[in-house]
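Okay, target.cif now, which holds mmCIF, C-alpha atoms and all ligand atoms:
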data_run
#
loop_
_atom_site.label_atom_id
_atom_site.label_comp_id
_atom_site.auth_asym_id
_atom_site.auth_seq_id
_atom_site.Cartn_x
_atom_site.Cartn_y
_atom_site.Cartn_z
CA MET A 46 10.08 7.24 17.15
CA SER A 47 11.98 4.03 17.80
CA ALA A 48 13.70 2.44 14.83
CA PRO A 49 12.36 -0.94 13.70
CA ALA A 50 14.77 -3.83 13.23
CA GLY A 51 16.31 -4.06 9.78
CA ILE A 52 15.81 -7.06 7.52
CA PRO A 53 17.98 -9.94 8.82
CA ALA A 54 20.44 -11.78 6.53
CA ALA A 55 18.32 -14.94 6.90
CA THR A 56 15.38 -13.18 5.21
CA TYR A 57 17.47 -12.16 2.20
CA ALA A 58 18.72 -15.76 1.97
CA ARG A 59 15.13 -17.02 2.05
CA ARG A 60 14.14 -14.62 -0.75
CA ARG A 61 17.07 -15.82 -2.87
CA ARG A 62 16.08 -19.44 -2.31
CA GLN A 63 12.45 -18.72 -3.22
CA LEU A 64 13.50 -16.93 -6.41
CA MET A 65 15.84 -19.80 -7.36
CA ARG A 66 13.07 -22.31 -6.75
CA MET A 67 10.81 -20.42 -9.16
CA ALA A 68 13.58 -20.06 -11.75
CA GLY A 69 14.31 -23.80 -11.80
CA PRO A 70 17.50 -25.90 -11.60
CA ASP A 71 18.79 -25.14 -15.11
CA ALA A 72 18.59 -21.35 -14.77
CA ILE A 73 21.08 -18.65 -13.87
CA LEU A 74 20.06 -15.21 -12.58
CA VAL A 75 22.25 -12.14 -12.96
CA LEU A 76 21.60 -8.94 -10.99
CA PRO A 77 24.03 -6.02 -11.24
CA ALA A 78 24.18 -3.18 -8.71
CA ALA A 79 22.93 0.22 -9.84
CA PRO A 80 25.68 2.12 -11.63
CA GLU A 81 27.09 5.28 -10.07
CA ARG A 82 26.05 8.36 -12.02
CA VAL A 83 28.18 11.45 -12.54
CA ARG A 84 26.47 14.70 -11.61
CA SER A 85 29.26 17.00 -12.62
CA ARG A 86 32.87 16.12 -13.46
CA ASP A 87 34.02 14.05 -10.48
CA THR A 88 30.99 14.47 -8.22
CA HIS A 89 28.22 11.89 -8.28
CA TYR A 90 24.49 11.82 -7.68
CA PRO A 91 23.63 10.34 -4.28
CA TYR A 92 24.04 6.61 -4.72
CA ARG A 93 20.90 4.48 -4.55
CA GLN A 94 21.21 0.69 -4.82
CA ASP A 95 19.16 -1.13 -7.44
CA SER A 96 15.91 -2.19 -5.78
CA ASP A 97 16.11 -5.80 -6.97
CA LEU A 98 19.64 -6.28 -5.66
CA TRP A 99 18.64 -4.54 -2.44
CA TYR A 100 15.64 -6.85 -2.05
CA LEU A 101 17.83 -9.94 -2.40
CA THR A 102 20.92 -8.89 -0.44
CA GLY A 103 20.59 -5.59 1.46
CA PHE A 104 24.01 -4.79 -0.05
CA GLU A 105 24.55 -1.04 -0.37
CA GLU A 106 27.72 -0.77 -2.44
CA PRO A 107 28.04 -0.02 -6.16
CA ASP A 108 30.23 -2.14 -8.43
CA ALA A 109 28.67 -5.44 -7.45
CA VAL A 110 26.85 -8.27 -9.20
CA LEU A 111 24.72 -10.97 -7.61
CA VAL A 112 24.69 -14.26 -9.50
CA LEU A 113 22.25 -16.98 -8.47
CA VAL A 114 22.98 -20.47 -9.77
CA PRO A 115 20.26 -22.83 -8.48
CA GLY A 116 21.52 -26.26 -7.52
CA ARG A 117 25.22 -25.47 -8.07
CA ALA A 118 27.18 -27.81 -5.83
CA HIS A 119 29.90 -25.27 -5.02
CA GLY A 120 27.45 -22.58 -3.98
CA GLU A 121 24.27 -21.03 -5.37
CA SER A 122 24.45 -17.42 -4.11
CA LEU A 123 27.53 -15.63 -5.41
CA LEU A 124 28.41 -11.98 -5.01
CA PHE A 125 31.02 -10.13 -6.99
CA CYS A 126 32.03 -6.93 -5.22
CA ARG A 127 34.84 -4.44 -4.72
CA GLU A 128 37.91 -5.64 -2.88
CA ARG A 129 39.09 -3.98 0.30
CA ASP A 130 41.44 -1.10 -0.52
CA PRO A 131 42.75 0.93 2.43
CA GLU A 132 43.73 3.87 0.23
CA ARG A 133 40.34 4.17 -1.52
CA GLU A 134 38.49 3.45 1.72
CA ALA A 135 40.28 6.41 3.32
CA TRP A 136 38.60 8.62 0.68
CA ASP A 137 35.24 6.94 0.13
CA GLY A 138 34.50 4.99 3.31
CA PRO A 139 34.62 1.30 4.16
CA ARG A 140 33.90 -1.58 1.80
CA ALA A 141 32.74 -5.03 2.78
CA GLY A 142 35.11 -6.84 0.45
CA PRO A 143 34.35 -10.40 -0.70
CA GLU A 144 35.15 -11.94 2.72
CA GLY A 145 32.94 -9.43 4.52
CA ALA A 146 30.13 -10.03 2.05
CA VAL A 147 30.13 -13.77 2.72
CA ASP A 148 29.98 -13.19 6.47
CA ALA A 149 27.50 -10.30 6.62
CA LEU A 150 25.18 -11.25 3.75
CA GLY A 151 25.17 -15.03 4.05
CA MET A 152 26.51 -15.53 0.51
CA ASP A 153 27.80 -18.98 -0.40
CA ASP A 154 30.80 -17.36 -2.00
CA ALA A 155 32.06 -13.94 -3.04
CA TYR A 156 34.72 -12.80 -5.50
CA PRO A 157 36.40 -9.56 -6.48
CA ILE A 158 34.34 -7.71 -9.10
CA ASP A 159 37.44 -7.63 -11.32
CA ASP A 160 37.20 -11.43 -11.66
CA LEU A 161 33.67 -11.29 -13.10
CA ASP A 162 34.89 -11.28 -16.67
CA GLU A 163 36.87 -14.43 -16.11
CA ILE A 164 34.33 -16.35 -14.01
CA LEU A 165 30.92 -15.51 -15.47
CA PRO A 166 31.23 -17.36 -18.82
CA GLY A 167 31.97 -20.54 -16.86
CA LEU A 168 28.85 -20.04 -14.75
CA LEU A 169 26.70 -19.46 -17.85
CA GLU A 170 27.99 -22.61 -19.52
CA GLY A 171 25.62 -25.55 -19.15
CA ARG A 172 22.68 -23.43 -17.95
CA THR A 173 19.73 -23.27 -20.34
CA ARG A 174 17.97 -20.11 -19.15
CA VAL A 175 19.24 -16.66 -18.16
CA TYR A 176 17.06 -14.42 -16.02
CA TYR A 177 18.16 -10.82 -16.26
CA HIS A 178 16.61 -7.38 -16.49
CA PHE A 179 17.41 -6.42 -20.09
CA GLY A 180 17.56 -2.75 -20.97
CA ARG A 181 17.97 -1.24 -17.50
CA ASP A 182 21.74 -0.76 -17.81
CA THR A 183 22.83 -0.96 -21.45
CA GLU A 184 26.51 -1.07 -20.56
CA PHE A 185 25.93 -4.22 -18.52
CA ASP A 186 23.65 -5.65 -21.25
CA LEU A 187 26.63 -5.52 -23.61
CA LYS A 188 28.92 -7.18 -21.10
CA LEU A 189 26.44 -10.01 -20.65
CA ILE A 190 26.21 -10.48 -24.41
CA GLY A 191 30.00 -10.61 -24.51
CA TRP A 192 30.13 -13.37 -21.87
CA LEU A 193 27.44 -15.32 -23.74
CA ASN A 194 29.43 -15.01 -26.94
CA ARG A 195 32.48 -16.36 -25.18
CA VAL A 196 30.49 -19.51 -24.28
CA ARG A 197 29.06 -19.72 -27.81
CA ALA A 198 32.57 -19.60 -29.24
CA GLN A 199 33.30 -22.82 -27.36
CA VAL A 200 30.40 -24.84 -28.79
CA ARG A 201 32.61 -26.99 -31.01
CA LEU A 202 34.57 -27.91 -27.91
CA GLY A 203 31.39 -29.15 -26.29
CA ALA A 204 30.21 -26.02 -24.45
CA GLN A 205 26.46 -25.59 -23.99
CA PRO A 206 25.45 -21.93 -24.06
CA PRO A 207 22.12 -20.80 -22.59
CA HIS A 208 19.43 -20.45 -25.23
CA GLU A 209 16.52 -18.89 -23.34
CA PHE A 210 16.57 -15.33 -22.08
CA LEU A 211 13.87 -14.35 -19.66
CA GLU A 212 12.72 -11.18 -17.99
CA LEU A 213 13.80 -11.38 -14.36
CA GLY A 214 10.94 -9.12 -13.32
CA HIS A 215 8.49 -11.81 -14.34
CA LEU A 216 9.45 -13.76 -11.19
CA LEU A 217 10.87 -11.10 -8.91
CA ASP A 218 8.19 -8.42 -9.33
CA GLU A 219 5.51 -10.78 -8.05
CA MET A 220 7.61 -11.51 -4.95
CA ARG A 221 8.20 -7.83 -4.31
CA LEU A 222 4.51 -6.96 -4.75
CA PHE A 223 3.56 -8.85 -1.58
CA LYS A 224 5.04 -7.20 1.48
CA SER A 225 6.08 -9.30 4.46
CA ARG A 226 5.59 -8.24 8.07
CA GLU A 227 9.22 -7.12 8.19
CA GLU A 228 8.75 -4.97 5.12
CA LEU A 229 5.49 -3.52 6.43
CA ARG A 230 7.31 -2.44 9.59
CA LEU A 231 9.79 -0.46 7.50
CA MET A 232 7.03 0.96 5.31
CA LYS A 233 5.11 2.10 8.37
CA ARG A 234 8.23 3.81 9.60
CA ALA A 235 8.66 5.60 6.23
CA ALA A 236 4.98 6.58 6.43
CA ARG A 237 5.23 7.90 9.99
CA ILE A 238 8.30 9.98 9.17
CA SER A 239 6.45 11.39 6.15
CA VAL A 240 3.37 12.21 8.24
CA GLU A 241 5.57 14.10 10.70
CA ALA A 242 7.24 15.95 7.80
CA HIS A 243 3.93 17.02 6.25
CA ALA A 244 2.67 18.16 9.64
CA ALA A 245 5.85 20.24 10.08
CA ALA A 246 5.27 21.93 6.72
CA MET A 247 1.61 22.61 7.56
CA ARG A 248 2.72 24.10 10.86
CA ALA A 249 5.39 26.31 9.28
CA VAL A 250 3.50 27.68 6.31
CA ARG A 251 2.78 31.43 6.11
CA PRO A 252 1.86 33.62 3.13
CA GLY A 253 5.02 35.25 1.75
CA MET A 254 7.21 32.19 2.29
CA HIS A 255 8.77 30.38 -0.64
CA GLU A 256 8.00 26.86 -1.76
CA TYR A 257 11.60 25.82 -1.07
CA GLU A 258 11.27 26.85 2.57
CA LEU A 259 8.48 24.30 2.97
CA GLN A 260 10.62 21.74 1.13
CA ALA A 261 13.34 22.44 3.71
CA GLU A 262 10.86 21.75 6.54
CA LEU A 263 9.88 18.42 5.01
CA GLU A 264 13.37 17.24 4.28
CA ARG A 265 14.69 18.40 7.66
CA VAL A 266 12.28 15.92 9.24
CA PHE A 267 13.26 13.16 6.78
CA ARG A 268 16.95 13.52 7.59
CA ARG A 269 16.32 13.83 11.33
CA HIS A 270 14.98 10.27 11.14
CA ASP A 271 17.71 8.84 8.89
CA ALA A 272 15.48 8.97 5.81
CA VAL A 273 15.87 10.66 2.43
CA PRO A 274 13.27 11.90 -0.06
CA ALA A 275 11.86 8.90 -1.95
CA TYR A 276 11.46 11.21 -4.98
CA GLU A 277 11.86 14.93 -5.60
CA SER A 278 9.54 16.74 -3.20
CA ILE A 279 6.79 18.64 -4.98
CA VAL A 280 5.77 21.93 -3.30
CA GLY A 281 3.42 23.86 -5.56
CA ALA A 282 1.66 27.07 -4.51
CA GLY A 283 -1.43 28.31 -6.36
CA ALA A 284 -1.51 27.24 -10.00
CA ASN A 285 1.79 25.36 -9.57
CA GLY A 286 -0.37 22.73 -7.85
CA CYS A 287 -1.79 21.94 -11.30
CA VAL A 288 1.64 20.89 -12.61
CA LEU A 289 1.68 17.18 -11.82
CA HIS A 290 5.47 16.76 -11.62
CA TYR A 291 6.27 20.34 -10.56
CA ARG A 292 9.74 20.58 -9.09
CA ALA A 293 11.04 24.13 -9.39
CA ASN A 294 9.79 24.80 -5.82
CA ARG A 295 10.90 28.42 -6.13
CA ALA A 296 7.70 30.52 -6.09
CA ARG A 297 6.38 32.73 -3.28
CA LEU A 298 3.18 31.75 -1.52
CA ALA A 299 0.49 34.40 -1.93
CA ASP A 300 -2.21 34.98 0.67
CA GLY A 301 -5.18 32.99 -0.63
CA ASP A 302 -3.05 30.33 -2.39
CA LEU A 303 -3.46 26.66 -1.77
CA VAL A 304 -0.19 24.76 -1.39
CA LEU A 305 0.04 21.24 -2.77
CA ILE A 306 2.81 19.14 -1.21
CA ASP A 307 3.58 15.70 -2.62
CA ALA A 308 6.54 14.30 -0.69
CA GLY A 309 7.54 11.05 0.95
CA ALA A 310 10.45 9.63 2.89
CA GLU A 311 12.47 6.61 1.87
CA TYR A 312 13.51 4.60 4.90
CA ARG A 313 15.87 1.61 4.50
CA GLY A 314 14.91 1.59 0.84
CA TYR A 315 11.13 1.69 1.36
CA ALA A 316 9.10 4.65 0.11
CA ALA A 317 6.14 6.57 1.46
CA ASP A 318 4.17 8.86 -0.84
CA ILE A 319 1.83 11.48 0.63
CA THR A 320 0.04 14.48 -0.81
CA ARG A 321 -1.84 17.15 1.11
CA THR A 322 -3.26 20.42 -0.17
CA PHE A 323 -3.79 23.20 2.34
CA PRO A 324 -4.31 26.99 2.38
CA ALA A 325 -1.21 29.17 2.89
CA ASN A 326 -3.22 31.38 5.26
CA GLY A 327 -5.03 28.60 7.11
CA ARG A 328 -8.51 29.12 5.57
CA PHE A 329 -9.92 27.56 2.39
CA GLY A 330 -11.80 29.89 0.03
CA PRO A 331 -15.29 28.72 -1.14
CA GLU A 332 -14.20 27.26 -4.51
CA GLN A 333 -11.06 25.75 -2.96
CA ARG A 334 -13.18 24.14 -0.26
CA ALA A 335 -15.75 22.80 -2.72
CA LEU A 336 -13.07 21.12 -4.85
CA HIS A 337 -11.19 19.85 -1.79
CA GLU A 338 -14.37 18.26 -0.44
CA LEU A 339 -14.99 16.64 -3.80
CA VAL A 340 -11.47 15.16 -3.96
CA LEU A 341 -11.90 13.95 -0.37
CA ALA A 342 -15.17 12.24 -1.32
CA ALA A 343 -13.40 10.52 -4.24
CA HIS A 344 -10.60 9.46 -1.87
CA ALA A 345 -13.17 8.00 0.56
CA ALA A 346 -14.93 6.15 -2.28
CA ALA A 347 -11.65 4.60 -3.40
CA ILE A 348 -10.61 3.62 0.15
CA GLY A 349 -14.06 2.10 0.61
CA GLN A 350 -13.11 -0.50 -2.05
CA ALA A 351 -9.76 -1.41 -0.49
CA ARG A 352 -10.15 -5.02 0.64
CA PRO A 353 -9.15 -8.47 -0.59
CA GLY A 354 -10.99 -9.78 -3.63
CA VAL A 355 -11.84 -6.39 -5.15
CA PRO A 356 -10.36 -5.64 -8.60
CA TYR A 357 -7.61 -3.03 -8.33
CA ALA A 358 -9.32 -0.96 -11.05
CA ALA A 359 -12.47 -0.63 -8.91
CA LEU A 360 -10.68 1.98 -6.79
CA HIS A 361 -10.07 4.27 -9.75
CA ASP A 362 -13.56 3.66 -11.09
CA ALA A 363 -15.09 4.63 -7.74
CA ALA A 364 -13.03 7.83 -7.55
CA ALA A 365 -13.75 8.80 -11.16
CA ALA A 366 -17.51 8.31 -10.65
CA VAL A 367 -17.55 10.58 -7.60
CA LEU A 368 -15.42 13.24 -9.32
CA THR A 369 -17.57 13.22 -12.45
CA GLU A 370 -20.81 13.55 -10.51
CA GLY A 371 -19.32 16.36 -8.41
CA LEU A 372 -17.91 18.24 -11.41
CA VAL A 373 -21.39 18.26 -12.95
CA ARG A 374 -22.93 19.47 -9.69
CA LEU A 375 -20.40 22.31 -9.50
CA GLY A 376 -20.96 23.25 -13.14
CA LEU A 377 -17.44 22.39 -14.32
CA LEU A 378 -18.71 19.60 -16.57
CA LYS A 379 -22.01 19.67 -18.43
CA GLY A 380 -24.03 16.63 -19.37
CA ARG A 381 -25.28 13.37 -17.91
CA PRO A 382 -22.78 11.97 -15.36
CA ALA A 383 -23.09 8.38 -16.63
CA ARG A 384 -22.35 9.49 -20.20
CA LEU A 385 -19.48 11.79 -19.12
CA LEU A 386 -17.96 9.00 -17.04
CA ALA A 387 -18.19 6.50 -19.91
CA ASP A 388 -16.53 9.03 -22.24
CA GLY A 389 -13.82 9.85 -19.69
CA ASP A 390 -14.60 13.58 -19.74
CA TYR A 391 -13.34 13.92 -16.16
CA LYS A 392 -9.79 13.44 -17.52
CA ARG A 393 -9.77 17.12 -18.44
CA PHE A 394 -9.51 17.86 -14.70
CA TYR A 395 -8.23 14.48 -13.47
CA PRO A 396 -5.67 13.21 -15.99
CA HIS A 397 -3.95 10.56 -13.83
CA LYS A 398 -4.88 7.28 -12.18
CA THR A 399 -5.94 6.88 -8.57
CA GLY A 400 -2.77 5.14 -7.38
CA HIS A 401 0.14 2.77 -7.88
CA TRP A 402 1.95 -0.02 -6.05
CA LEU A 403 4.34 1.25 -3.39
CA GLY A 404 7.46 -0.40 -1.96
CA LEU A 405 11.19 -0.24 -2.64
CA ASP A 406 10.27 1.90 -5.64
CA VAL A 407 7.77 4.70 -5.24
CA HIS A 408 6.06 3.45 -8.38
CA ASP A 409 6.67 -0.12 -7.34
CA VAL A 410 6.83 -3.23 -9.47
CA GLY A 411 3.99 -5.67 -10.04
CA ASP A 412 1.38 -6.24 -12.73
CA TYR A 413 -1.87 -4.31 -12.50
CA ARG A 414 -3.64 -6.60 -14.94
CA ILE A 415 -3.52 -10.34 -15.43
CA ASP A 416 -4.72 -11.91 -18.70
CA GLY A 417 -6.28 -8.60 -19.67
CA GLU A 418 -8.30 -8.24 -16.45
CA SER A 419 -7.65 -6.00 -13.48
CA ARG A 420 -6.02 -8.16 -10.80
CA LEU A 421 -7.78 -8.71 -7.48
CA LEU A 422 -6.44 -7.15 -4.29
CA GLU A 423 -4.72 -9.52 -1.86
CA PRO A 424 -3.27 -9.15 1.64
CA GLY A 425 0.26 -7.74 1.61
CA MET A 426 -0.25 -5.44 -1.37
CA VAL A 427 0.56 -1.80 -0.65
CA PHE A 428 -0.48 1.08 -2.88
CA THR A 429 -1.38 4.75 -2.91
CA ILE A 430 -4.83 6.28 -3.19
CA GLU A 431 -4.42 9.71 -4.73
CA PRO A 432 -7.35 11.33 -6.49
CA GLY A 433 -6.98 14.98 -7.50
CA LEU A 434 -8.55 17.81 -9.47
CA TYR A 435 -6.60 20.37 -11.45
CA VAL A 436 -8.18 23.42 -13.09
CA PRO A 437 -5.37 25.01 -15.09
CA PRO A 438 -5.11 28.81 -14.95
CA ASP A 439 -5.94 29.02 -18.67
CA ALA A 440 -8.85 26.52 -18.60
CA ARG A 441 -11.35 27.61 -21.21
CA GLY A 442 -15.06 27.84 -20.51
CA VAL A 443 -14.49 27.72 -16.75
CA PRO A 444 -15.47 30.64 -14.47
CA ALA A 445 -12.38 32.50 -13.23
CA ALA A 446 -12.99 31.57 -9.59
CA TRP A 447 -12.14 27.91 -10.30
CA ARG A 448 -9.05 28.50 -12.38
CA GLY A 449 -5.60 27.84 -10.99
CA ILE A 450 -6.79 25.45 -8.28
CA GLY A 451 -4.89 22.16 -8.04
CA ILE A 452 -5.74 19.63 -5.33
CA ARG A 453 -4.56 16.09 -4.61
CA ILE A 454 -5.04 13.95 -1.51
CA GLU A 455 -2.74 10.93 -1.33
CA ASP A 456 -2.38 8.23 1.31
CA ASP A 457 -0.65 4.85 1.49
CA VAL A 458 -2.75 1.77 2.07
CA ALA A 459 -1.89 -1.85 2.84
CA ILE A 460 -4.40 -4.63 2.14
CA THR A 461 -4.90 -6.82 5.21
CA ARG A 462 -6.71 -10.16 5.64
CA ASP A 463 -10.06 -8.53 6.25
CA GLY A 464 -9.74 -5.03 4.81
CA HIS A 465 -7.01 -2.46 4.78
CA GLU A 466 -4.75 -0.35 6.94
CA VAL A 467 -3.95 3.28 6.11
CA LEU A 468 -0.21 3.59 6.77
CA THR A 469 -0.31 7.38 6.57
CA ALA A 470 -3.15 7.91 9.04
CA GLY A 471 -2.80 10.65 11.61
CA LEU A 472 -2.21 13.53 9.21
CA PRO A 473 -5.08 16.03 8.81
CA ARG A 474 -6.83 15.21 5.55
CA SER A 475 -10.20 16.99 5.29
CA ALA A 476 -10.54 20.78 4.95
CA GLU A 477 -12.00 20.90 8.45
CA GLU A 478 -9.17 18.87 9.97
CA ILE A 479 -6.58 20.97 8.16
CA GLU A 480 -8.12 24.27 9.27
CA ALA A 481 -8.40 23.08 12.87
CA PHE A 482 -4.77 21.89 12.83
CA MET A 483 -3.56 25.19 11.38
CA ALA A 484 -5.66 27.28 13.77
CA GLY A 485 -4.08 25.42 16.68
CA ARG A 486 -0.45 25.93 15.58
N1 LIG B 1 4.85 11.35 -6.11
C1 LIG B 1 4.60 10.57 -7.23
C2 LIG B 1 3.22 10.06 -7.22
O1 LIG B 1 2.42 10.53 -6.45
O2 LIG B 1 2.90 9.14 -7.90
MN MN B 2 1.83 8.52 -5.74
MN MN B 3 2.82 11.38 -4.59
#

Could you render the structure as structure tokens?
Amino acid sequence: MSAPAGIPAATYARRRRQLMRMAGPDAILVLPAAPERVRSRDTHYPYRQDSDLWYLTGFEEPDAVLVLVPGRAHGESLLFCRERDPEREAWDGPRAGPEGAVDALGMDDAYPIDDLDEILPGLLEGRTRVYYHFGRDTEFDLKLIGWLNRVRAQVRLGAQPPHEFLELGHLLDEMRLFKSREELRLMKRAARISVEAHAAAMRAVRPGMHEYELQAELERVFRRHDAVPAYESIVGAGANGCVLHYRANRARLADGDLVLIDAGAEYRGYAADITRTFPANGRFGPEQRALHELVLAAHAAAIGQARPGVPYAALHDAAAAVLTEGLVRLGLLKGRPARLLADGDYKRFYPHKTGHWLGLDVHDVGDYRIDGESRLLEPGMVFTIEPGLYVPPDARGVPAAWRGIGIRIEDDVAITRDGHEVLTAGLPRSAEEIEAFMAGR
């Protein structure tokens, strides 16, 4: 697999300009880096940059703040970041430093992060509106309030503090929802790595293995391609497949178990999100096959709606209708399908929605509804399609043969001008394809 080009500095600069244009000339936008989080004493969780800051700069370091000041004569795009420090860099690796940030990221200006406290009140002064993501990082929220109060304290001396506070996501989420060609290239790469990882797990699986051994197969492939898990890999054998956010990944695979794997790579910040459910021994049992075929039919019905102009909610509605009708046919639900669908009875076996936006965050930003109505699909939107059925081991009134089966089929789809493209194509999906793939290992 050849690596696609990264996002060039000029693209980040264009995004910043577009955001500033939307915010207007009297606004200021403040975007802090994600804080580092302690895992245990002096060791940290792997650092992951805040997606918004990443989207606007590509800057990977913690301890940074991007400030956008539209129309400011002495520079609009300002980055506060850590200074160079040979001693710290010998321990933690290189830093860009303010000078490096200006050169590499195309900032108008950059300052040491330690000067933020001194400089930010002056930048806030005279601006009417502050765009910021309140509540994401409460420590930073308090700092911002402190800087605002410093401006307010100067009112009698003629200072003009901002008086409107707006949710940054209102502007930025809409930008991030529509993926450019450059972004789609990176998302396809994340998808291809994830397809290869799932295929490796399907190839490796044998009854008697442990869930974590399959997790190791997946994540070995991620790392081999310079990717990391976009979220904690879910590997659930047997009834563990019914636990939607299962993450113990410690059980042994019994002969006759299905294995549900929900795992995706993050490549250059962009996530893939794939689920496959396959038999540990290579052959589906009759009830497992019947439910798998039903989930596949729901998946096909949802994908059949994926084109511009269709309401996003139509995909879930199509999947739910197929699942309800099938559950009645199999005897797992009793009653008239239309009635059961209207009452949402399928939720007993299908408690989640059929997908979500996908991008820099696995559950990516962007509104699903506009003015109370499901929004219409448009080219550049990327989302998952992931119907499932879960019959818990203790499900009452259900014949024993169905109990403990959990199945989900999840792919990543981009809306194109005239339809859609499945980014995660090429991985066996149907029971037949999976059995043929496993027989040929
Ligand atoms: N892996 C999280 C999800 O499928 O939404
Ligand atoms: Mn998903
Ligand atoms: Mn998933």

Where does chain A meet ligand MN 2 (chain B) within 6 Å, residue by residue, with the nearest atom pair and distance in Å to one decimal for each, counting all atoms listed in the file, listed by chain and rising number, as CSV?
residue,atom,partner,partner_atom,distance
A:Asp318,CA,B:MN2,MN,5.4
A:Gly400,CA,B:MN2,MN,5.9
A:Thr429,CA,B:MN2,MN,5.7

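Across A:Asp307, A:Glu423, A:Asp388, A:Asp362, the tightest approach to ligand LIG 1 (chain B) is made by A:Asp307 when counting all atoms listed in the file.
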
- Item | Test item: residues lying within 8 Å of ligand LIG 1 (chain B) with only C-alpha atoms and all ligand atoms, as a list in words | Tyr276, Glu277, Ser278, Ile279, His290, Asp307, Ala308, Gly309, Asp318, Ile319, Thr320, Gly400, His401, Val407, His408, Thr429, Glu431 and Glu455 of chain A

- Trp447 of chain A: which residues within 8 Å, counting only C-alpha atoms, same-chain residues fewer than 4 positions away excluded, as a PyMOL selection string? chain A and resi 332-333+436+443

- Message: Please list, as an MDAnalysis selection string, the residues that have an atom at most 9 Å away from (5.9, 7.6, 6.3) in the coordinates of this file, counting all atoms listed in the file.
- Response: chainID A and resid 232:242 309:312 316:319 457 468:469

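Distance annotation: of A:Ile452, A:Leu187, A:Leu231, A:Leu339, the residue with the minimal separation from ligand MN 3 (chain B) is A:Ile452; atom set is all atoms listed in the file.
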
- Message: Give me, as an MDAnalysis selection string, all polymer residues having an atom no more than 12 Å from Leu113 of chain A, counting all atoms listed in the file and skipping those fewer than 5 positions away in the same chain.
- Response: chainID A and resid 58 60:77 98 101:102 119:125 152:155 165 168:169 172 174:177 213

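With atom CA of Arg248 of chain A on one side and atom CA of Ala272 of chain A on the other, the separation reads 20.4 Å.
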
- With all atoms listed in the file as the atoms that count, which of A:Gly425, A:Pro274, A:Gly417, A:Pro324 lies nearest to ligand MN 3 (chain B)? A:Pro274

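Going from atom CA of Leu229 of chain A over to atom CA of Met426 of chain A, you cover 9.9 Å.
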
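Atom to atom, atom CA of Leu360 of chain A and atom CA of Leu375 of chain A stand 22.7 Å apart.
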
- Given the choices A:Arg334, A:Gly314, A:Ala484, A:Arg420, which gets closest to Pro356 of chain A if the distance is worked out from only C-alpha atoms? A:Arg420
